[in-house]
>>> print(open('upload_11.csv').read())   # CSV, C-alpha atoms and all ligand atoms
chain,number,residue,atom,x,y,z
A,1156,MET,CA,85.7,91.3,111.0
A,1157,ALA,CA,82.6,90.6,109.0
A,1158,GLN,CA,79.6,89.0,110.7
A,1159,VAL,CA,77.4,86.4,109.1
A,1160,HIS,CA,74.3,88.1,107.9
A,1161,THR,CA,71.2,87.0,109.7
A,1162,ALA,CA,67.7,88.4,109.8
A,1163,ALA,CA,68.4,89.7,113.3
A,1164,ALA,CA,71.7,91.3,112.3
A,1165,LYS,CA,71.1,93.3,109.2
A,1166,PRO,CA,74.4,94.4,107.5
A,1167,ALA,CA,75.2,98.0,108.2
A,1168,ASN,CA,76.2,100.6,105.7
A,1169,PRO,CA,79.1,102.9,106.5
A,1170,PRO,CA,78.0,106.3,107.6
A,1171,LEU,CA,77.5,109.1,105.0
A,1172,ILE,CA,78.8,111.6,107.4
A,1173,ALA,CA,82.3,110.8,108.6
A,1174,ARG,CA,83.1,110.7,112.2
A,1175,ARG,CA,86.7,110.5,113.3
A,1176,TRP,CA,87.2,106.7,112.9
A,1177,THR,CA,90.8,105.8,113.4
A,1178,ALA,CA,92.9,102.7,113.6
A,1179,ALA,CA,92.3,102.7,117.4
A,1180,ASP,CA,88.6,101.9,116.6
A,1181,ILE,CA,89.6,98.6,114.9
A,1182,PRO,CA,88.0,95.7,117.0
A,1183,ASP,CA,90.2,93.0,118.5
A,1184,LEU,CA,91.3,90.7,115.7
A,1185,SER,CA,92.8,87.9,117.8
A,1186,GLY,CA,92.4,84.5,116.1
A,1187,LYS,CA,92.0,86.1,112.6
A,1188,THR,CA,94.3,85.6,109.7
A,1189,ALA,CA,94.7,88.4,107.2
A,1190,VAL,CA,96.5,88.5,103.8
A,1191,VAL,CA,97.6,91.9,102.6
A,1192,THR,CA,99.0,92.3,99.1
A,1193,GLY,CA,101.7,94.9,98.6
A,1194,ALA,CA,102.3,95.0,102.3
A,1195,ASN,CA,105.9,96.3,102.2
A,1196,SER,CA,105.1,99.9,101.3
A,1197,GLY,CA,102.6,102.7,101.6
A,1198,LEU,CA,99.0,101.8,102.4
A,1199,GLY,CA,99.7,98.1,102.4
A,1200,LEU,CA,102.4,98.5,105.1
A,1201,ARG,CA,100.2,100.8,107.2
A,1202,THR,CA,97.3,98.3,106.8
A,1203,ALA,CA,99.5,95.3,107.9
A,1204,GLU,CA,100.8,97.3,110.9
A,1205,ALA,CA,97.3,98.2,112.1
A,1206,LEU,CA,95.8,94.7,111.7
A,1207,ALA,CA,98.8,93.1,113.4
A,1208,ALA,CA,98.6,95.7,116.3
A,1209,LYS,CA,95.0,94.5,116.9
A,1210,GLY,CA,96.1,90.8,117.1
A,1211,ALA,CA,95.6,89.5,113.6
A,1212,HIS,CA,98.0,87.0,112.1
A,1213,VAL,CA,99.2,89.0,109.1
A,1214,LEU,CA,100.6,87.5,106.0
A,1215,MET,CA,102.4,90.1,104.0
A,1216,ALA,CA,102.1,89.2,100.3
A,1217,CYS,CA,105.1,91.0,98.6
A,1218,ARG,CA,107.1,90.6,95.5
A,1219,ASN,CA,110.4,92.0,96.7
A,1220,GLU,CA,112.2,89.9,99.4
A,1221,ILE,CA,114.5,92.7,100.5
A,1222,LYS,CA,111.8,95.3,100.9
A,1223,ALA,CA,109.5,92.7,102.5
A,1224,ALA,CA,112.1,91.8,105.1
A,1225,ALA,CA,112.5,95.5,106.2
A,1226,ALA,CA,108.7,95.9,106.3
A,1227,LEU,CA,108.3,92.7,108.3
A,1228,GLU,CA,110.4,94.1,111.1
A,1229,SER,CA,108.2,97.2,111.4
A,1230,VAL,CA,104.9,95.1,111.4
A,1231,ALA,CA,106.4,92.6,113.8
A,1232,ALA,CA,107.5,95.4,116.2
A,1233,GLY,CA,103.9,96.4,116.8
A,1234,ALA,CA,102.2,93.0,116.5
A,1235,THR,CA,100.2,91.9,119.6
A,1236,GLY,CA,99.3,88.5,118.2
A,1237,PRO,CA,101.1,85.9,116.1
A,1238,LYS,CA,104.3,86.9,114.4
A,1239,PRO,CA,103.6,88.4,110.9
A,1240,GLU,CA,105.0,86.5,107.9
A,1241,VAL,CA,106.0,87.3,104.4
A,1242,LEU,CA,104.3,85.4,101.6
A,1243,PRO,CA,106.2,85.8,98.3
A,1244,LEU,CA,103.8,87.0,95.6
A,1245,ASP,CA,104.2,88.7,92.3
A,1246,LEU,CA,100.8,89.6,91.0
A,1247,ALA,CA,102.3,90.2,87.5
A,1248,ASP,CA,103.1,86.5,87.2
A,1249,LEU,CA,100.3,84.0,87.5
A,1250,ALA,CA,102.7,81.2,88.3
A,1251,SER,CA,103.8,83.2,91.4
A,1252,VAL,CA,100.1,83.8,92.3
A,1253,ARG,CA,99.5,80.0,92.1
A,1254,ARG,CA,102.6,79.3,94.3
A,1255,ALA,CA,101.4,81.7,96.9
A,1256,ALA,CA,97.9,80.2,97.0
A,1257,ASP,CA,99.3,76.6,97.1
A,1258,HIS,CA,101.6,77.6,100.0
A,1259,LEU,CA,98.6,78.7,102.0
A,1260,ASP,CA,96.5,75.8,100.9
A,1261,VAL,CA,99.0,73.3,102.2
A,1262,ARG,CA,98.8,75.0,105.7
A,1263,ASP,CA,95.1,74.6,105.6
A,1264,VAL,CA,94.5,77.8,107.5
A,1265,PRO,CA,91.2,79.8,107.2
A,1266,ILE,CA,91.7,83.3,105.8
A,1267,ASP,CA,89.4,85.7,107.4
A,1268,LEU,CA,90.5,88.8,105.5
A,1269,LEU,CA,92.1,89.4,102.1
A,1270,VAL,CA,93.1,92.9,101.3
A,1271,ASN,CA,93.8,93.3,97.6
A,1272,ASN,CA,95.9,96.4,98.0
A,1273,ALA,CA,99.0,96.1,95.7
A,1274,GLY,CA,99.0,98.3,92.7
A,1275,VAL,CA,101.0,100.1,90.0
A,1276,MET,CA,100.2,103.3,88.3
A,1277,ALA,CA,100.8,104.9,84.9
A,1278,LEU,CA,103.7,102.6,84.0
A,1279,PRO,CA,105.2,102.9,80.5
A,1280,ARG,CA,103.7,101.0,77.6
A,1281,SER,CA,106.5,98.5,77.7
A,1282,ALA,CA,105.5,97.3,81.2
A,1283,ARG,CA,103.9,93.9,80.8
A,1284,THR,CA,103.2,91.0,83.0
A,1285,ALA,CA,104.7,87.5,82.6
A,1286,GLU,CA,101.7,86.6,80.5
A,1287,GLY,CA,102.0,89.7,78.4
A,1288,PHE,CA,99.0,91.6,80.0
A,1289,ASP,CA,99.2,95.4,80.4
A,1290,ALA,CA,101.0,95.8,83.7
A,1291,GLN,CA,98.3,97.9,85.3
A,1292,PHE,CA,95.3,95.7,84.2
A,1293,GLY,CA,97.4,92.6,84.9
A,1294,THR,CA,98.6,93.5,88.3
A,1295,ASN,CA,95.8,95.7,89.7
A,1296,HIS,CA,92.9,93.6,88.4
A,1297,LEU,CA,93.8,90.2,86.9
A,1298,GLY,CA,96.4,89.3,89.5
A,1299,HIS,CA,94.0,90.0,92.3
A,1300,TYR,CA,91.1,88.3,90.4
A,1301,ALA,CA,93.4,85.2,90.2
A,1302,LEU,CA,94.6,85.4,93.8
A,1303,THR,CA,91.2,85.8,95.3
A,1304,GLY,CA,89.9,82.8,93.2
A,1305,LEU,CA,92.7,80.6,94.2
A,1306,LEU,CA,92.3,81.6,97.9
A,1307,LEU,CA,88.6,81.0,97.8
A,1308,PRO,CA,88.7,77.6,99.6
A,1309,ALA,CA,90.8,79.1,102.4
A,1310,LEU,CA,88.5,82.2,102.6
A,1311,LEU,CA,85.5,79.9,102.8
A,1312,ARG,CA,87.0,78.0,105.7
A,1313,ALA,CA,86.6,81.2,107.8
A,1314,PRO,CA,83.2,81.9,109.4
A,1315,ALA,CA,82.8,85.4,108.0
A,1316,PRO,CA,85.4,86.0,105.3
A,1317,ARG,CA,85.9,89.4,103.8
A,1318,VAL,CA,87.7,90.6,100.6
A,1319,VAL,CA,88.6,94.3,100.4
A,1320,THR,CA,89.9,95.6,97.1
A,1321,VAL,CA,91.6,99.0,96.9
A,1322,SER,CA,90.3,101.2,94.1
A,1323,SER,CA,91.0,104.9,93.4
A,1324,ILE,CA,89.4,108.2,92.6
A,1325,ALA,CA,90.8,107.5,89.2
A,1326,ALA,CA,88.1,104.9,88.7
A,1327,TRP,CA,85.8,107.8,87.9
A,1328,GLY,CA,87.6,108.3,84.7
A,1329,GLY,CA,87.6,104.6,83.8
A,1330,VAL,CA,85.9,102.6,81.1
A,1331,ILE,CA,86.7,99.1,80.2
A,1332,ASN,CA,88.4,98.9,76.9
A,1333,TRP,CA,86.5,95.8,75.8
A,1334,LEU,CA,88.2,95.6,72.4
A,1335,ASP,CA,91.7,95.9,73.7
A,1336,PRO,CA,91.8,95.6,77.5
A,1337,ASN,CA,95.6,95.1,77.4
A,1338,TRP,CA,96.2,98.2,75.4
A,1339,ARG,CA,98.1,96.6,72.5
A,1340,VAL,CA,97.0,99.1,69.9
A,1341,VAL,CA,96.8,102.5,71.5
A,1342,TYR,CA,98.3,103.0,75.0
A,1343,LEU,CA,97.1,105.8,77.3
A,1344,ARG,CA,98.8,105.2,80.6
A,1345,TRP,CA,96.3,107.1,82.8
A,1346,LEU,CA,93.3,105.6,81.0
A,1347,ALA,CA,94.9,102.2,81.6
A,1348,TYR,CA,95.2,103.0,85.3
A,1349,SER,CA,91.6,104.2,85.5
A,1350,GLN,CA,90.4,101.1,83.7
A,1351,SER,CA,92.2,98.9,86.2
A,1352,LYS,CA,90.7,100.8,89.1
A,1353,LEU,CA,87.2,100.6,87.6
A,1354,ALA,CA,87.8,96.9,87.2
A,1355,ASN,CA,88.5,96.7,91.0
A,1356,LEU,CA,85.0,98.1,91.6
A,1357,LEU,CA,83.3,95.8,89.1
A,1358,PHE,CA,85.2,92.8,90.5
A,1359,THR,CA,84.0,93.7,94.0
A,1360,ALA,CA,80.4,94.0,92.9
A,1361,GLU,CA,80.4,90.7,91.0
A,1362,LEU,CA,82.4,88.8,93.7
A,1363,ASP,CA,79.9,90.0,96.4
A,1364,ARG,CA,76.9,88.9,94.2
A,1365,ARG,CA,78.4,85.5,93.4
A,1366,ALA,CA,79.3,84.9,97.0
A,1367,ARG,CA,75.7,85.6,98.1
A,1368,ALA,CA,74.2,83.6,95.2
A,1369,HIS,CA,76.2,80.6,96.3
A,1370,GLY,CA,75.0,81.0,99.8
A,1371,THR,CA,78.4,81.7,101.3
A,1372,PRO,CA,79.1,84.2,104.2
A,1373,LEU,CA,81.8,86.0,102.2
A,1374,ILE,CA,81.4,89.7,101.5
A,1375,ALA,CA,83.4,91.8,99.1
A,1376,VAL,CA,83.8,95.5,99.7
A,1377,ALA,CA,86.0,98.2,98.2
A,1378,ALA,CA,87.9,101.3,99.5
A,1379,HIS,CA,89.9,104.1,98.1
A,1380,PRO,CA,92.6,106.2,99.9
A,1381,GLY,CA,92.0,109.6,98.3
A,1382,LEU,CA,95.4,111.1,97.7
A,1383,SER,CA,98.0,109.7,99.9
A,1384,ALA,CA,101.8,110.2,99.9
A,1385,THR,CA,103.3,106.9,98.9
A,1386,ASN,CA,105.8,105.4,96.5
A,1387,LEU,CA,103.0,105.0,94.0
A,1388,TYR,CA,103.8,108.4,92.6
A,1389,GLU,CA,107.4,107.3,91.8
A,1390,SER,CA,106.6,104.5,89.5
A,1391,THR,CA,107.1,105.9,86.0
A,1392,PRO,CA,110.6,104.8,84.8
A,1393,GLU,CA,110.5,106.2,81.3
A,1394,GLN,CA,112.5,108.8,79.3
A,1395,GLY,CA,111.3,111.8,77.3
A,1396,TRP,CA,108.9,114.7,77.8
A,1397,THR,CA,105.8,112.6,78.5
A,1398,ALA,CA,107.6,111.1,81.4
A,1399,ARG,CA,108.7,114.5,82.6
A,1400,ILE,CA,105.2,115.9,82.5
A,1401,SER,CA,103.9,112.8,84.2
A,1402,ALA,CA,106.6,113.2,87.0
A,1403,LEU,CA,105.6,116.9,87.5
A,1404,GLN,CA,101.9,115.9,87.7
A,1405,GLN,CA,102.8,113.3,90.2
A,1406,ARG,CA,104.9,115.7,92.3
A,1407,ALA,CA,102.0,118.1,92.4
A,1408,LEU,CA,99.6,115.3,93.5
A,1409,VAL,CA,102.0,114.3,96.3
A,1410,ALA,CA,102.2,117.9,97.6
A,1411,LEU,CA,98.4,117.8,98.1
A,1412,ALA,CA,98.3,114.3,99.6
A,1413,GLN,CA,97.5,113.2,103.1
A,1414,SER,CA,99.8,110.8,105.0
A,1415,ASP,CA,99.8,107.1,104.2
A,1416,ARG,CA,98.5,106.4,107.7
A,1417,MET,CA,95.4,108.5,107.0
A,1418,GLY,CA,95.1,107.1,103.5
A,1419,ALA,CA,95.0,103.5,104.9
A,1420,LEU,CA,92.0,104.3,107.1
A,1421,PRO,CA,89.3,103.6,104.5
A,1422,GLN,CA,90.6,100.2,103.6
A,1423,LEU,CA,91.1,99.4,107.3
A,1424,TYR,CA,87.5,100.5,108.0
A,1425,ALA,CA,86.3,98.4,105.1
A,1426,ALA,CA,88.3,95.5,106.4
A,1427,THR,CA,87.3,95.5,110.0
A,1428,VAL,CA,84.1,97.4,110.8
A,1429,PRO,CA,81.6,94.7,112.0
A,1430,GLY,CA,78.4,94.1,110.0
A,1431,LEU,CA,79.4,96.1,106.9
A,1432,ALA,CA,77.1,95.6,103.9
A,1433,GLY,CA,78.5,93.7,100.9
A,1434,ASN,CA,79.7,95.9,98.0
A,1435,SER,CA,80.1,98.9,100.3
A,1436,TYR,CA,82.6,101.5,99.0
A,1437,VAL,CA,84.6,103.5,101.6
A,1438,GLY,CA,86.7,106.6,101.0
A,1439,PRO,CA,87.9,109.7,102.8
A,1440,ALA,CA,85.3,112.2,103.8
A,1441,LEU,CA,86.5,114.9,101.4
A,1442,GLU,CA,87.3,112.4,98.7
A,1443,THR,CA,91.0,113.3,98.6
A,1444,LEU,CA,91.5,113.4,102.3
A,1445,GLY,CA,89.8,112.9,105.6
A,1446,TYR,CA,88.3,110.1,107.8
A,1447,PRO,CA,86.5,107.2,106.2
A,1448,ARG,CA,82.9,107.3,105.2
A,1449,ARG,CA,80.6,105.7,102.6
A,1450,THR,CA,81.4,107.2,99.2
A,1451,LEU,CA,80.1,107.4,95.6
A,1452,ARG,CA,81.4,105.5,92.6
A,1453,ASN,CA,81.5,105.8,88.8
A,1454,PRO,CA,78.0,104.8,87.7
A,1455,LEU,CA,79.6,102.2,85.3
A,1456,ALA,CA,80.6,100.3,88.4
A,1457,TYR,CA,77.0,99.5,89.1
A,1458,SER,CA,76.5,97.8,85.7
A,1459,ARG,CA,75.7,94.1,86.3
A,1460,ALA,CA,76.3,93.4,82.6
A,1461,GLN,CA,79.8,95.0,82.7
A,1462,ALA,CA,80.6,93.2,85.9
A,1463,ARG,CA,79.6,89.9,84.5
A,1464,ALA,CA,81.4,90.5,81.2
A,1465,LEU,CA,84.6,91.5,83.1
A,1466,TRP,CA,84.4,88.4,85.2
A,1467,ARG,CA,84.1,86.2,82.1
A,1468,MET,CA,87.0,88.0,80.5
A,1469,SER,CA,89.2,87.6,83.6
A,1470,GLU,CA,88.3,83.9,83.7
A,1471,LYS,CA,89.4,83.5,80.1
A,1472,LEU,CA,92.6,85.6,80.4
A,1473,THR,CA,93.8,83.9,83.6
A,1474,GLY,CA,92.4,80.5,83.0
A,1475,ILE,CA,91.1,80.6,86.6
A,1476,ALA,CA,87.4,79.8,87.3
A,1477,TYR,CA,86.2,80.2,90.9
A,1478,GLU,CA,85.2,76.9,92.6
A,1479,TRP,CA,82.1,77.7,94.7
A,1480,PRO,CA,80.7,75.1,97.0
A,1481,ALA,CA,77.8,73.1,95.5
B,1501,LIG,N1,98.6,106.6,97.1
B,1501,LIG,C1,97.5,107.1,96.6
B,1501,LIG,O1,97.2,108.3,96.6
B,1501,LIG,C2,96.5,106.2,96.0
B,1501,LIG,C3,95.4,106.7,95.4
B,1501,LIG,C4,94.4,105.9,94.9
B,1501,LIG,C5,94.6,104.5,94.9
B,1501,LIG,N2,95.7,104.0,95.5
B,1501,LIG,C6,95.9,102.5,95.5
B,1501,LIG,O2,96.4,102.1,96.7
B,1501,LIG,C7,97.1,100.9,96.6
B,1501,LIG,C8,98.4,100.9,97.3
B,1501,LIG,O3,99.3,101.8,96.7
B,1501,LIG,P1,100.2,102.8,97.5
B,1501,LIG,O4,99.7,104.1,97.3
B,1501,LIG,O5,100.4,102.2,98.9
B,1501,LIG,O6,101.6,102.6,96.6
B,1501,LIG,P2,103.0,101.9,97.0
B,1501,LIG,O7,103.6,102.5,98.2
B,1501,LIG,O8,103.7,102.0,95.7
B,1501,LIG,O9,102.6,100.4,97.3
B,1501,LIG,C9,102.2,99.6,96.2
B,1501,LIG,C10,102.5,98.2,96.7
B,1501,LIG,O10,102.1,97.3,95.6
B,1501,LIG,C11,103.2,96.4,95.4
B,1501,LIG,N3,103.2,95.8,94.1
B,1501,LIG,C12,103.3,96.4,92.9
B,1501,LIG,N4,103.3,95.5,91.9
B,1501,LIG,C13,103.2,94.3,92.5
B,1501,LIG,C14,103.2,93.0,92.0
B,1501,LIG,N5,103.3,92.7,90.7
B,1501,LIG,N6,103.1,92.0,92.9
B,1501,LIG,C15,103.0,92.2,94.2
B,1501,LIG,N7,103.0,93.4,94.7
B,1501,LIG,C16,103.1,94.5,93.9
B,1501,LIG,C17,104.4,97.2,95.6
B,1501,LIG,O11,105.6,96.4,95.8
B,1501,LIG,P3,107.1,97.0,95.5
B,1501,LIG,O12,107.4,97.9,96.7
B,1501,LIG,O13,107.9,95.8,95.3
B,1501,LIG,O14,106.9,97.9,94.3
B,1501,LIG,C18,104.0,97.9,96.9
B,1501,LIG,O15,104.2,97.1,98.0
B,1501,LIG,C19,97.2,100.6,95.0
B,1501,LIG,O16,96.2,99.7,94.6
B,1501,LIG,C20,96.9,102.0,94.5
B,1501,LIG,O17,96.3,101.9,93.2
B,1501,LIG,C21,96.7,104.8,96.0
>>> encode(input="upload_11.csv", output="structure tokens")
Amino acid sequence: MAQVHTAAAKPANPPLIARRWTAADIPDLSGKTAVVTGANSGLGLRTAEALAAKGAHVLMACRNEIKAAAALESVAAGATGPKPEVLPLDLADLASVRRAADHLDVRDVPIDLLVNNAGVMALPRSARTAEGFDAQFGTNHLGHYALTGLLLPALLRAPAPRVVTVSSIAAWGGVINWLDPNWRVVYLRWLAYSQSKLANLLFTAELDRRARAHGTPLIAVAAHPGLSATNLYESTPEQGWTARISALQQRALVALAQSDRMGALPQLYAATVPGLAGNSYVGPALETLGYPRRTLRNPLAYSRAQARALWRMSEKLTGIAYEWPA
């Protein structure tokens, strides 16, 4: 996992040219605790399996108890360290996010790694979080903003904490809808998804900057899986022709996709390669598929002003301000 940055050990960037980095290259994670959101399915499940196989104590943060129980069995089957556990978490409900964080706080364990992986895509307009946020912005960004902030004390108990947030190629098409981030006036489902995934990158950049500014060893990095065959492409329960077109688009995307195991490699790389530089962005070599390497991002994701403004907006909407050490 991440190493404390010292003058002698300069943080490394991931390579520009991909070599065949696989889950077998993950270093030994004995003694480390990792929280993975959305760990019952797709990339989150593959991430949890790979981390547990290398000895990490994996906490699978999931919203659906039944799906989580089935996934737990598969993660436990390959675990070489402590038994994995399920942590109930619904990112679309801030009360649930608080309960999950409180549960971990009581146990007083350090969290070495947080993988903000859970996500929803292109849901219908009616999909809203408990607080009334757009489901995509609320789950993919605001829920993870809140969770990370509430877990900050536990992360800072670890010697070299790392936060990995899973973005998407869709972030290239993203802009933050500053006037209406929760899409109350006009709703464009794919733009809403792209906004949430750009927000993942802006969040990573600002978290990494703030962690450094406060003199902590925490680093924040991002990854994207290219196109990976998962349940994400089945999440548009809506009627009518727009839904049918959307379903066709999604089927076409799945046909081009790589496996969920391959798709999980960039986030596993971002989570475990020692000495990775803060705010690195890792994706598949050919963007939609391939082995992990450093990758490019939407230029808007480099804007400090936007990152700061998004942070302030997230603070206001969630009511959660990060408590950094003095
Ligand atoms: N697959 C791709 O090609 C692709 C491409 C780009 C980016 N991504 C990103 O990869 C990440 C993982 O997605 P995936 O492809 O693995 O899809 P997936 O198989 O649908 O997994 C998504 C996970 O997120 C969980 N989740 C959704 N809403 C949640 C909530 N409110 N609270 C807690 N958990 C919640 C889901 O739980 P349930 O099972 O209960 O629904 C599921 O475990 C997402 O952030 C997605 O945007 C995927």
>>> atom_distance(input="upload_11.csv", atom1="CA of Pro1429 in chain A", atom2="CA of Asn1168 in chain A")
10.2 Å
>>> residues_around(input="upload_11.csv", residues="Val1275 in chain A", least_positions_apart="3", cutoff="7 Å", atoms="only C-alpha atoms", output="list in words")
Gln1291, Asn1295 and Leu1387 of chain A
>>> residues_near_ligand(input="upload_11.csv", ligand="ligand LIG 1501 (chain B)", cutoff="6 Å", atoms="all atoms listed in the file", output="number ranges by chain")
A: 1193-1199, 1217-1219, 1244-1247, 1272-1275, 1294, 1321-1324, 1379-1387
>>> residues_around(input="upload_11.csv", residues="Lys1238 in chain A", least_positions_apart="5", cutoff="12 Å", atoms="all atoms listed in the file", output="short mmCIF file (atom, residue, chain, number, x, y, z; two decimals) with C-alpha atoms, keeping the file's coordinate frame")
data_model
loop_
_atom_site.label_atom_id
_atom_site.label_comp_id
_atom_site.auth_asym_id
_atom_site.auth_seq_id
_atom_site.Cartn_x
_atom_site.Cartn_y
_atom_site.Cartn_z
CA THR A 1188 94.30 85.60 109.70
CA ALA A 1203 99.50 95.30 107.90
CA GLU A 1204 100.80 97.30 110.90
CA LEU A 1206 95.80 94.70 111.70
CA ALA A 1207 98.80 93.10 113.40
CA ALA A 1208 98.60 95.70 116.30
CA GLY A 1210 96.10 90.80 117.10
CA ALA A 1211 95.60 89.50 113.60
CA HIS A 1212 98.00 87.00 112.10
CA VAL A 1213 99.20 89.00 109.10
CA LEU A 1214 100.60 87.50 106.00
CA MET A 1215 102.40 90.10 104.00
CA LEU A 1227 108.30 92.70 108.30
CA GLU A 1228 110.40 94.10 111.10
CA SER A 1229 108.20 97.20 111.40
CA VAL A 1230 104.90 95.10 111.40
CA ALA A 1231 106.40 92.60 113.80
CA ALA A 1232 107.50 95.40 116.20
CA GLY A 1233 103.90 96.40 116.80
#
